[in-house]
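Okay, coords_7.txt is below, compact mmCIF, C-alpha atoms:
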# COMPACT_ATOMS: atom_id res chain seq x y z
CA MET A 261 -32.11 24.96 6.11
CA GLN A 262 -28.37 25.47 5.82
CA GLY A 263 -27.98 24.33 9.43
CA ILE A 264 -29.69 21.04 8.60
CA GLU A 265 -27.37 20.50 5.60
CA ILE A 266 -24.30 21.09 7.77
CA LEU A 267 -25.69 18.70 10.40
CA LEU A 268 -26.34 16.05 7.73
CA GLU A 269 -22.80 16.47 6.39
CA GLN A 270 -21.41 15.98 9.88
CA VAL A 271 -23.54 12.86 10.37
CA GLU A 272 -22.30 11.52 7.01
CA PHE A 273 -18.69 12.28 7.95
CA ILE A 274 -18.95 10.57 11.34
CA SER A 275 -20.73 7.52 9.84
CA ILE A 276 -18.09 7.11 7.11
CA ALA A 277 -15.28 7.63 9.64
CA ILE A 278 -16.67 4.91 11.92
CA ILE A 279 -17.13 2.50 8.97
CA VAL A 280 -13.62 3.20 7.63
CA LEU A 281 -11.93 2.78 11.01
CA LEU A 282 -13.86 -0.43 11.72
CA LEU A 283 -12.95 -1.89 8.31
CA ALA A 284 -9.30 -0.83 8.72
CA TYR A 285 -9.22 -2.57 12.11
CA LEU A 286 -10.72 -5.72 10.58
CA ALA A 287 -8.22 -5.58 7.70
CA LEU A 288 -5.39 -5.62 10.22
CA GLU A 289 -6.80 -7.96 12.83
CA HIS A 290 -9.02 -10.52 11.06
CA ARG A 291 -7.59 -13.98 11.49
CA ASP A 292 -8.18 -15.06 7.87
CA ILE A 293 -5.90 -13.06 5.58
CA VAL A 294 -8.23 -13.38 2.56
CA TYR A 295 -11.09 -11.82 4.52
CA ALA A 296 -8.65 -9.18 5.75
CA VAL A 297 -7.90 -8.20 2.14
CA PHE A 298 -11.64 -8.09 1.37
CA PHE A 299 -12.13 -5.77 4.34
CA PHE A 300 -9.30 -3.62 3.00
CA GLY A 301 -11.09 -3.35 -0.36
CA LEU A 302 -14.32 -2.35 1.39
CA MET A 303 -12.40 0.19 3.44
CA ALA A 304 -10.92 1.68 0.25
CA ALA A 305 -14.45 1.98 -1.19
CA ALA A 306 -15.63 3.71 1.99
CA VAL A 307 -12.70 6.14 1.74
CA GLY A 308 -14.22 7.12 -1.63
CA GLY A 309 -17.14 8.46 0.43
CA PHE A 310 -14.74 10.83 2.17
CA PHE A 311 -13.59 12.14 -1.21
CA LEU A 312 -17.22 12.67 -2.27
CA LEU A 313 -17.79 14.67 0.91
CA LEU A 314 -14.65 16.69 0.12
CA GLU A 315 -16.09 17.55 -3.32
CA ALA A 316 -13.60 15.44 -5.27
CA PRO A 317 -15.79 12.97 -7.22
CA PHE A 318 -13.06 12.13 -9.75
CA ILE A 319 -10.69 11.10 -6.95
CA ALA A 320 -13.50 9.04 -5.39
CA GLY A 321 -14.00 7.16 -8.65
CA MET A 322 -10.29 6.67 -9.09
CA GLN A 323 -9.94 5.50 -5.47
CA ILE A 324 -12.62 2.84 -5.92
CA ALA A 325 -11.31 1.74 -9.32
CA VAL A 326 -7.65 1.53 -8.31
CA TYR A 327 -7.73 0.50 -4.65
CA THR A 328 -10.88 -1.64 -4.49
CA GLY A 329 -10.63 -3.00 -8.00
CA GLY A 330 -6.89 -3.14 -8.61
CA ILE A 331 -4.77 -3.22 -5.47
CA SER A 332 -7.13 -5.50 -3.48
CA ALA A 333 -7.23 -7.97 -6.37
CA LEU A 334 -3.43 -7.79 -6.65
CA ILE A 335 -3.00 -8.55 -2.94
CA ILE A 336 -5.49 -11.44 -3.16
CA PHE A 337 -3.45 -12.88 -6.05
CA GLY A 338 -0.36 -12.49 -3.86
CA VAL A 339 -2.09 -14.34 -1.00
CA LEU A 340 -3.03 -17.15 -3.37
CA LEU A 341 0.60 -17.41 -4.50
CA LEU A 342 1.83 -17.39 -0.88
CA PRO A 343 0.05 -20.22 0.95
CA ARG A 344 2.16 -19.61 4.07
CA ALA A 345 0.58 -16.15 4.36
CA GLN A 346 -2.50 -17.85 5.86
CA ASP A 347 -0.54 -18.93 8.93
CA SER A 348 -2.19 -17.05 11.78
CA SER A 349 0.76 -17.75 14.10
CA LEU A 350 2.68 -15.07 12.17
CA GLU A 351 0.58 -12.20 13.46
CA VAL A 352 2.62 -10.20 15.93
CA PHE A 353 6.18 -10.31 17.21
CA GLU A 354 6.66 -12.69 20.12
CA SER A 355 8.77 -10.24 22.07
CA PRO A 356 6.48 -8.02 24.25
CA ARG A 357 9.19 -5.36 24.23
CA ARG A 358 9.14 -5.13 20.43
CA ARG A 359 5.33 -5.02 20.46
CA ALA A 360 5.36 -2.26 23.07
CA TRP A 361 7.84 -0.22 21.00
CA GLY A 362 5.67 -0.68 17.92
CA MET A 363 2.55 0.43 19.76
CA ALA A 364 4.35 3.44 21.23
CA LEU A 365 5.69 4.52 17.83
CA SER A 366 2.29 4.13 16.18
CA VAL A 367 0.67 6.23 18.94
CA ILE A 368 3.34 8.90 18.37
CA VAL A 369 2.66 8.88 14.61
CA ALA A 370 -1.11 9.11 15.21
CA THR A 371 -0.70 11.95 17.70
CA PHE A 372 1.64 13.89 15.42
CA SER A 373 -0.67 13.51 12.39
CA ALA A 374 -3.70 14.53 14.49
CA PHE A 375 -1.74 17.57 15.71
CA LEU A 376 -0.89 18.50 12.12
CA ALA A 377 -4.47 18.04 10.94
CA LEU A 378 -6.19 19.91 13.79
CA LEU A 379 -3.79 22.55 15.06
CA PHE A 380 -1.53 23.48 12.13
CA PRO A 381 -2.60 26.82 10.56
CA TRP A 382 -3.37 25.56 7.05
CA TYR A 383 -4.97 28.83 5.94
CA GLU A 384 -1.66 30.66 6.28
CA ALA A 385 0.23 28.02 4.31
CA PHE A 386 -1.34 28.94 0.98
CA PRO A 387 -0.23 31.89 -1.14
CA GLU A 388 -2.78 34.56 -1.87
CA GLY A 389 -3.63 35.80 -5.31
CA ALA A 390 -3.47 32.48 -7.18
CA PRO A 391 -5.82 32.31 -10.17
CA GLU A 392 -9.24 30.98 -9.20
CA LEU A 393 -10.41 27.88 -11.04
CA SER A 394 -13.88 26.52 -11.39
CA GLN A 395 -14.42 23.47 -9.24
CA SER A 396 -15.46 20.98 -11.87
CA LEU A 397 -14.29 17.82 -13.60
CA GLN A 398 -13.63 19.78 -16.82
CA GLY A 399 -11.41 22.16 -14.88
CA LEU A 400 -9.46 19.27 -13.37
CA ALA A 401 -9.07 17.66 -16.80
CA ALA A 402 -7.82 20.92 -18.32
CA TRP A 403 -5.46 21.45 -15.37
CA LEU A 404 -4.08 17.91 -15.72
CA TRP A 405 -3.89 17.43 -19.48
CA ALA A 406 -3.46 20.93 -20.88
CA ASP A 407 -1.30 22.57 -18.23
CA HIS A 408 0.51 19.65 -16.63
CA GLY A 409 0.39 16.90 -19.25
CA ILE A 410 4.07 16.08 -18.84
CA TYR A 411 3.48 15.04 -15.22
CA VAL A 412 0.66 12.72 -16.26
CA GLN A 413 3.04 11.13 -18.76
CA MET A 414 5.62 10.78 -15.99
CA ILE A 415 3.04 8.96 -13.84
CA ALA A 416 2.28 6.61 -16.72
CA LEU A 417 6.00 6.01 -17.17
CA ILE A 418 6.42 5.25 -13.44
CA ILE A 419 3.62 2.68 -13.50
CA PHE A 420 4.91 1.12 -16.71
CA THR A 421 8.46 0.93 -15.31
CA SER A 422 7.29 -0.61 -12.05
CA ILE A 423 5.25 -3.28 -13.80
CA ILE A 424 8.08 -4.11 -16.21
CA GLY A 425 10.51 -4.08 -13.25
CA SER A 426 8.31 -6.46 -11.26
CA VAL A 427 8.08 -8.93 -14.11
CA THR A 428 11.83 -8.62 -14.80
CA MET A 429 12.74 -9.23 -11.14
CA LEU A 430 10.72 -12.43 -11.08
CA LYS A 431 12.07 -13.58 -14.44
CA MET A 432 15.67 -12.79 -13.47
CA GLU A 433 15.37 -14.86 -10.32
CA LYS A 434 13.96 -17.77 -12.29
CA ALA A 435 16.71 -17.36 -14.89
CA GLU A 436 19.38 -17.35 -12.18
CA ARG A 437 18.02 -20.60 -10.79
CA LEU A 438 18.20 -22.12 -14.27
CA SER A 439 21.60 -20.59 -15.06
CA ALA A 440 23.45 -23.59 -13.64
CA ILE A 441 21.78 -25.69 -16.32
CA THR A 442 21.97 -23.34 -19.24
CA GLY A 443 25.36 -21.85 -18.39
CA GLU A 444 24.16 -18.31 -18.97
CA PHE A 445 24.48 -15.20 -16.76
CA GLY A 446 28.15 -16.01 -16.05
CA VAL A 447 27.41 -18.60 -13.36
CA GLU A 448 29.50 -21.75 -13.17
CA ALA A 449 27.57 -24.97 -13.66
CA GLU A 450 27.84 -26.41 -10.17
CA PRO A 451 25.24 -28.98 -9.16
CA GLY A 452 23.43 -27.89 -6.02
CA PRO A 453 20.82 -29.52 -3.80
CA ASP A 454 17.88 -27.85 -5.50
CA THR A 455 19.15 -26.83 -8.92
CA GLY A 456 17.49 -29.78 -10.63
CA ILE A 457 20.66 -30.60 -12.64
CA GLU A 458 20.60 -34.29 -11.73
CA GLU A 459 17.01 -34.61 -12.89
CA LYS A 460 17.87 -32.79 -16.11
CA GLU A 461 20.86 -35.07 -16.77
CA GLU A 462 18.73 -38.17 -16.15
CA GLU A 463 16.18 -36.92 -18.64
CA VAL A 464 18.93 -36.37 -21.22
CA ASP A 465 20.32 -39.89 -20.61
CA GLU A 466 16.89 -41.42 -21.09
CA GLN A 467 16.51 -39.64 -24.39
CA MET B 185 -6.13 5.94 9.85
CA ILE B 186 -2.49 7.01 9.74
CA GLY B 187 -1.97 5.73 13.29
CA MET B 188 -3.74 2.46 12.53
CA GLY B 189 -1.60 1.95 9.44
CA ALA B 190 1.52 2.69 11.49
CA TYR B 191 0.34 0.10 14.05
CA GLY B 192 -0.02 -2.47 11.25
CA MET B 193 3.42 -1.69 9.90
CA MET B 194 5.23 -1.74 13.24
CA VAL B 195 3.52 -4.47 15.25
CA LYS B 196 2.62 -7.09 12.64
CA ARG B 197 5.22 -9.44 11.25
CA ASN B 198 3.21 -11.00 8.42
CA LEU B 199 4.41 -9.24 5.26
CA ILE B 200 0.91 -9.00 3.77
CA ARG B 201 -0.41 -7.37 6.95
CA ILE B 202 2.48 -4.90 6.76
CA LEU B 203 1.55 -4.08 3.16
CA LEU B 204 -2.09 -3.60 4.20
CA GLY B 205 -0.91 -1.29 6.98
CA ALA B 206 1.10 0.76 4.48
CA GLU B 207 -1.91 1.05 2.17
CA ILE B 208 -4.19 2.13 5.04
CA MET B 209 -1.62 4.75 6.02
CA GLY B 210 -1.46 5.96 2.42
CA ASN B 211 -5.25 6.30 2.31
CA GLY B 212 -5.17 8.41 5.45
CA VAL B 213 -2.55 10.70 3.90
CA ASN B 214 -4.66 11.01 0.71
CA ILE B 215 -7.71 12.13 2.70
CA ALA B 216 -5.60 14.65 4.61
CA LEU B 217 -4.17 16.09 1.38
CA VAL B 218 -7.57 16.51 -0.29
CA ALA B 219 -8.96 18.08 2.89
CA VAL B 220 -6.05 20.52 3.09
CA SER B 221 -6.40 21.46 -0.59
CA LEU B 222 -10.08 22.20 0.11
CA TYR B 223 -9.09 24.46 3.02
CA SER B 224 -7.23 26.67 0.56
CA PRO B 225 -8.81 30.14 0.29
CA VAL B 226 -8.36 29.97 -3.49
CA PHE B 227 -9.38 26.59 -4.78
CA THR B 228 -6.84 24.95 -7.08
CA PHE B 229 -6.52 21.42 -8.40
CA THR B 230 -3.01 20.93 -7.05
CA GLY B 231 -4.20 18.75 -4.17
CA GLN B 232 -6.38 16.56 -6.34
CA ALA B 233 -3.67 16.18 -9.00
CA LEU B 234 -1.23 15.18 -6.27
CA ILE B 235 -3.67 12.50 -5.08
CA ILE B 236 -3.92 11.17 -8.65
CA LEU B 237 -0.12 10.95 -8.70
CA ILE B 238 -0.06 9.22 -5.31
CA ILE B 239 -2.74 6.68 -6.28
CA ALA B 240 -0.87 5.87 -9.49
CA VAL B 241 2.44 5.45 -7.68
CA ALA B 242 0.69 3.34 -5.01
CA THR B 243 -0.30 0.88 -7.72
CA GLY B 244 3.33 0.59 -8.81
CA HIS B 245 4.71 0.21 -5.31
CA THR B 246 2.13 -2.47 -4.48
CA ALA B 247 3.21 -4.44 -7.55
CA ILE B 248 6.87 -4.12 -6.51
CA ALA B 249 6.01 -5.08 -2.91
CA MET B 250 4.18 -8.20 -4.07
CA VAL B 251 7.18 -9.27 -6.16
CA LEU B 252 9.53 -8.67 -3.23
CA MET B 253 7.24 -10.80 -1.05
CA LEU B 254 7.32 -13.62 -3.60
CA MET B 255 11.13 -13.44 -3.72
CA TYR B 256 11.31 -13.35 0.11
CA ASN B 257 9.02 -16.39 0.26
CA ARG B 258 11.22 -18.28 -2.21
CA ARG B 259 14.37 -17.48 -0.23
CA TYR B 260 13.17 -17.99 3.35
CA HIS B 261 10.13 -20.24 2.70
CA THR B 262 7.98 -18.02 4.90
CA VAL B 263 6.36 -14.59 4.93
CA ASP B 264 7.36 -14.10 8.56
CA LEU B 265 9.43 -10.94 8.90
CA GLY B 266 10.61 -12.04 12.35
CA ARG B 267 12.37 -15.22 11.22
CA PRO B 268 15.41 -13.70 9.44
CA ILE B 269 15.73 -11.17 12.30
CA LYS B 270 15.75 -14.05 14.78
CA GLU B 271 18.33 -15.92 12.68
CA VAL B 272 20.59 -12.85 12.58
CA GLU B 273 20.25 -12.41 16.36
CA GLU B 274 21.06 -16.08 16.93
CA ASN B 275 24.13 -15.87 14.67
CA GLU B 276 25.38 -12.85 16.56
Would you write out, as structure tokens, the structure that this file holds?
Amino acid sequence: MQGIEILLEQVEFISIAIIVLLLAYLALEHRDIVYAVFFFGLMAAAVGGFFLLLEAPFIAGMQIAVYTGGISALIIFGVLLLPRAQDSSLEVFESPRRRAWGMALSVIVATFSAFLALLFPWYEAFPEGAPELSQSLQGLAAWLWADHGIYVQMIALIIFTSIIGSVTMLKMEKAERLSAITGEFGVEAEPGPDTGIEEKEEEVDEQ
Amino acid sequence: MIGMGAYGMMVKRNLIRILLGAEIMGNGVNIALVAVSLYSPVFTFTGQALIILIIAVATGHTAIAMVLMLMYNRRYHTVDLGRPIKEVEENE
């Protein structure tokens, strides 16, 4: 009976691995970038299956919520804001030498990571005698919030800072483009080809 | 997955494909970390908590990457990573 369960787990693992690799390939190679992002979202959902197999259901839920629901939607918004991203002529570098170097480096990275995963003695890397915890969602919650709450707050702070930083970067760039008109940010008011000063002056004259 | 992500990051020149490659690579690393934490003779939540941290930081770095792409697009009027490199090589 146990042999059948192990066999079923192996079948599940191989099926999910094939699906994930196929979807990752489509996310990188599909001609239409919007479909590519959809395939990435599906791949992220399939990766949640790996986490379920690895007995980490909370991570699986978080993976699907954040990657499939959040990051994929964010990238799709980015694609909508960047119409030139659809240009399929921008796929790979024209130089075959650069492509060959890229392929060689990616093969080296894949080989090294496979070596680490399969041959590195992971059992010896862990200290013995650590307190044993029950493998449950309650245990994870207690570990996170009771014992290491400060790190969770640091994560929240990192996300908050990055979102505020993103908005600020965009706003600052817009403000710098308008600075020639408003005279703020210490920039001299010099009319440029695309500053829009002439249009602004015409509007003022009309008024 | 890590190798495929590395391929996307090193061979593609469309910035969104490069970001997708980075995310695929990050997913591969997440799976490896959870698997390694499960290999531990004494189960702890360190691996899973680390993945939660990584997923949260991934959200932030994707937001920053999207903003950088928008700024790049405004400056160069393209999302082609090869164009500024080509311009630099031509100037040299």
Counting only C-alpha atoms, which residues of range 193-255 of chain B fall within 12 Å of range 294-308 of chain A, and what is the closest atom pair for each with its distance in Å at one decimal, ordered by chain and rising number, as JSON lines?
{"residue": "B:Ile200", "atom": "CA", "partner": "A:Val297", "partner_atom": "CA", "distance": 9.0}
{"residue": "B:Arg201", "atom": "CA", "partner": "A:Ala296", "partner_atom": "CA", "distance": 8.5}
{"residue": "B:Ile202", "atom": "CA", "partner": "A:Val297", "partner_atom": "CA", "distance": 11.8}
{"residue": "B:Leu203", "atom": "CA", "partner": "A:Val297", "partner_atom": "CA", "distance": 10.4}
{"residue": "B:Leu204", "atom": "CA", "partner": "A:Phe300", "partner_atom": "CA", "distance": 7.3}
{"residue": "B:Gly205", "atom": "CA", "partner": "A:Phe300", "partner_atom": "CA", "distance": 9.6}
{"residue": "B:Ala206", "atom": "CA", "partner": "A:Phe300", "partner_atom": "CA", "distance": 11.4}
{"residue": "B:Glu207", "atom": "CA", "partner": "A:Phe300", "partner_atom": "CA", "distance": 8.8}
{"residue": "B:Ile208", "atom": "CA", "partner": "A:Phe300", "partner_atom": "CA", "distance": 8.0}
{"residue": "B:Met209", "atom": "CA", "partner": "A:Ala304", "partner_atom": "CA", "distance": 11.4}
{"residue": "B:Gly210", "atom": "CA", "partner": "A:Ala304", "partner_atom": "CA", "distance": 10.6}
{"residue": "B:Asn211", "atom": "CA", "partner": "A:Val307", "partner_atom": "CA", "distance": 7.5}
{"residue": "B:Gly212", "atom": "CA", "partner": "A:Val307", "partner_atom": "CA", "distance": 8.7}
{"residue": "B:Val213", "atom": "CA", "partner": "A:Val307", "partner_atom": "CA", "distance": 11.3}
{"residue": "B:Asn214", "atom": "CA", "partner": "A:Val307", "partner_atom": "CA", "distance": 9.5}
{"residue": "B:Ile215", "atom": "CA", "partner": "A:Val307", "partner_atom": "CA", "distance": 7.9}
{"residue": "B:Ala216", "atom": "CA", "partner": "A:Val307", "partner_atom": "CA", "distance": 11.4}
{"residue": "B:Val218", "atom": "CA", "partner": "A:Gly308", "partner_atom": "CA", "distance": 11.6}
{"residue": "B:Ile239", "atom": "CA", "partner": "A:Ala304", "partner_atom": "CA", "distance": 11.6}
* Shell around Val195 in chain B at 10 Å using all atoms listed in the file, local window under 5 positions removed, as a PyMOL selection string -> (chain A and resi 351-353+358-366) or (chain B and resi 190+201-202+205)
Residues from last step as file, C-alpha atoms, as a PDB file, keeping the file's coordinate frame:
ATOM      1  CA  GLU A 351       0.580 -12.200  13.460  1.00  0.00           C
ATOM      2  CA  VAL A 352       2.620 -10.200  15.930  1.00  0.00           C
ATOM      3  CA  PHE A 353       6.180 -10.310  17.210  1.00  0.00           C
ATOM      4  CA  ARG A 358       9.140  -5.130  20.430  1.00  0.00           C
ATOM      5  CA  ARG A 359       5.330  -5.020  20.460  1.00  0.00           C
ATOM      6  CA  ALA A 360       5.360  -2.260  23.070  1.00  0.00           C
ATOM      7  CA  TRP A 361       7.840  -0.220  21.000  1.00  0.00           C
ATOM      8  CA  GLY A 362       5.670  -0.680  17.920  1.00  0.00           C
ATOM      9  CA  MET A 363       2.550   0.430  19.760  1.00  0.00           C
ATOM     10  CA  ALA A 364       4.350   3.440  21.230  1.00  0.00           C
ATOM     11  CA  LEU A 365       5.690   4.520  17.830  1.00  0.00           C
ATOM     12  CA  SER A 366       2.290   4.130  16.180  1.00  0.00           C
TER      13      SER A 366
ATOM     14  CA  ALA B 190       1.520   2.690  11.490  1.00  0.00           C
ATOM     15  CA  ARG B 201      -0.410  -7.370   6.950  1.00  0.00           C
ATOM     16  CA  ILE B 202       2.480  -4.900   6.760  1.00  0.00           C
ATOM     17  CA  GLY B 205      -0.910  -1.290   6.980  1.00  0.00           C
TER      18      GLY B 205
END
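Pairwise distance (CA of Ile293 in chain A, CA of Ala240 in chain B) equals 24.7 Å.
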* To do: Extract, using all atoms listed in the file, all DNA, RNA and protein residues at most 8 Å from range 402-418 of chain A, discarding same-chain residues fewer than 3 positions from it, and format them as a PyMOL selection string.
  => (chain A and resi 398-399+421-422) or (chain B and resi 229+233+237+240-241+244)
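Taking CA of Phe420 in chain A and CA of Gly338 in chain A as the two end points, the separation is 19.4 Å.
Among the candidates A:Met432, A:Leu281, A:Leu379, A:Val326, the residue lying nearest to Thr246 in chain B is A:Val326 (atoms considered: only C-alpha atoms).
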* Asked: What residues have an atom no more than 12 Å from (-13.9, 12.8, -2.0) in the file's own frame, counting all atoms listed in the file, and can you write them as a PyMOL selection string?
  -> (chain A and resi 273+276+304-324) or (chain B and resi 211+214-219+221-222+231-232+235)
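Distance-wise, CA of Leu334 in chain A and CA of Gly187 in chain B end up 24.1 Å apart.
The shortest atom-to-atom distance to Ala247 in chain B, with all atoms listed in the file taken into account, belongs to A:Ile423 out of A:Ala333, A:Ile423, A:Leu288, A:Leu341.
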* Structure fact -> For Tyr327 in chain A, the closest of B:Ala249, B:Met193, B:Ala242, B:Met255 counting only C-alpha atoms is B:Ala242
* Contact residues around Leu254 in chain B with only C-alpha atoms at 8 Å, ignoring same-chain residues under 2 positions, as a list in words -> Gly338, Leu341 and Leu342 of chain A; Met250, Val251, Leu252, Tyr256, Asn257 and Arg258 of chain B
Step by step, gather every atom of range 194-206 of chain B that the file lists, find the box along x, y and z that holds them, add 5 Å on each side, and finally give centre and edge lengths in Å to one decimal, as AutoDock Vina command-line options.
--center_x 1.6 --center_y -5.1 --center_z 9.2 --size_x 17.3 --size_y 21.8 --size_z 22.1
* Pick out the closest residue to chain B from this set: A:Leu286, A:Leu267, A:Ala370, A:Leu340. Count only C-alpha atoms. => A:Ala370
Using the incomplete input, complete range 185-198 of chain B to the level of N, CA and C atoms; output as a compact mmCIF listing (two decimals), in the frame of the given file.
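Dumped to selection_9.txt:
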# COMPACT_ATOMS: atom_id res chain seq x y z
N MET B 185 -6.51 6.94 10.87
CA MET B 185 -6.13 5.94 9.85
C MET B 185 -4.61 5.84 9.74
N ILE B 186 -3.95 7.03 9.84
CA ILE B 186 -2.49 7.01 9.74
C ILE B 186 -1.91 6.22 10.92
N GLY B 187 -2.45 6.45 12.12
CA GLY B 187 -1.97 5.73 13.29
C GLY B 187 -2.24 4.24 13.19
N MET B 188 -3.41 3.89 12.67
CA MET B 188 -3.74 2.46 12.53
C MET B 188 -2.81 1.78 11.51
N GLY B 189 -2.54 2.49 10.42
CA GLY B 189 -1.60 1.95 9.44
C GLY B 189 -0.20 1.79 10.03
N ALA B 190 0.20 2.78 10.84
CA ALA B 190 1.52 2.69 11.49
C ALA B 190 1.56 1.50 12.45
N TYR B 191 0.43 1.27 13.16
CA TYR B 191 0.34 0.10 14.05
C TYR B 191 0.53 -1.19 13.24
N GLY B 192 -0.15 -1.27 12.09
CA GLY B 192 -0.02 -2.47 11.25
C GLY B 192 1.40 -2.67 10.75
N MET B 193 2.06 -1.57 10.44
CA MET B 193 3.42 -1.69 9.90
C MET B 193 4.45 -2.03 10.98
N MET B 194 4.20 -1.58 12.20
CA MET B 194 5.23 -1.74 13.24
C MET B 194 5.01 -2.94 14.13
N VAL B 195 3.79 -3.38 14.31
CA VAL B 195 3.52 -4.47 15.25
C VAL B 195 3.40 -5.81 14.54
N LYS B 196 2.83 -5.81 13.33
CA LYS B 196 2.62 -7.09 12.64
C LYS B 196 3.93 -7.59 12.04
N ARG B 197 4.01 -8.89 11.88
CA ARG B 197 5.22 -9.44 11.25
C ARG B 197 4.91 -10.26 10.00
N ASN B 198 3.61 -10.38 9.68
CA ASN B 198 3.21 -11.00 8.42
C ASN B 198 3.35 -9.95 7.32
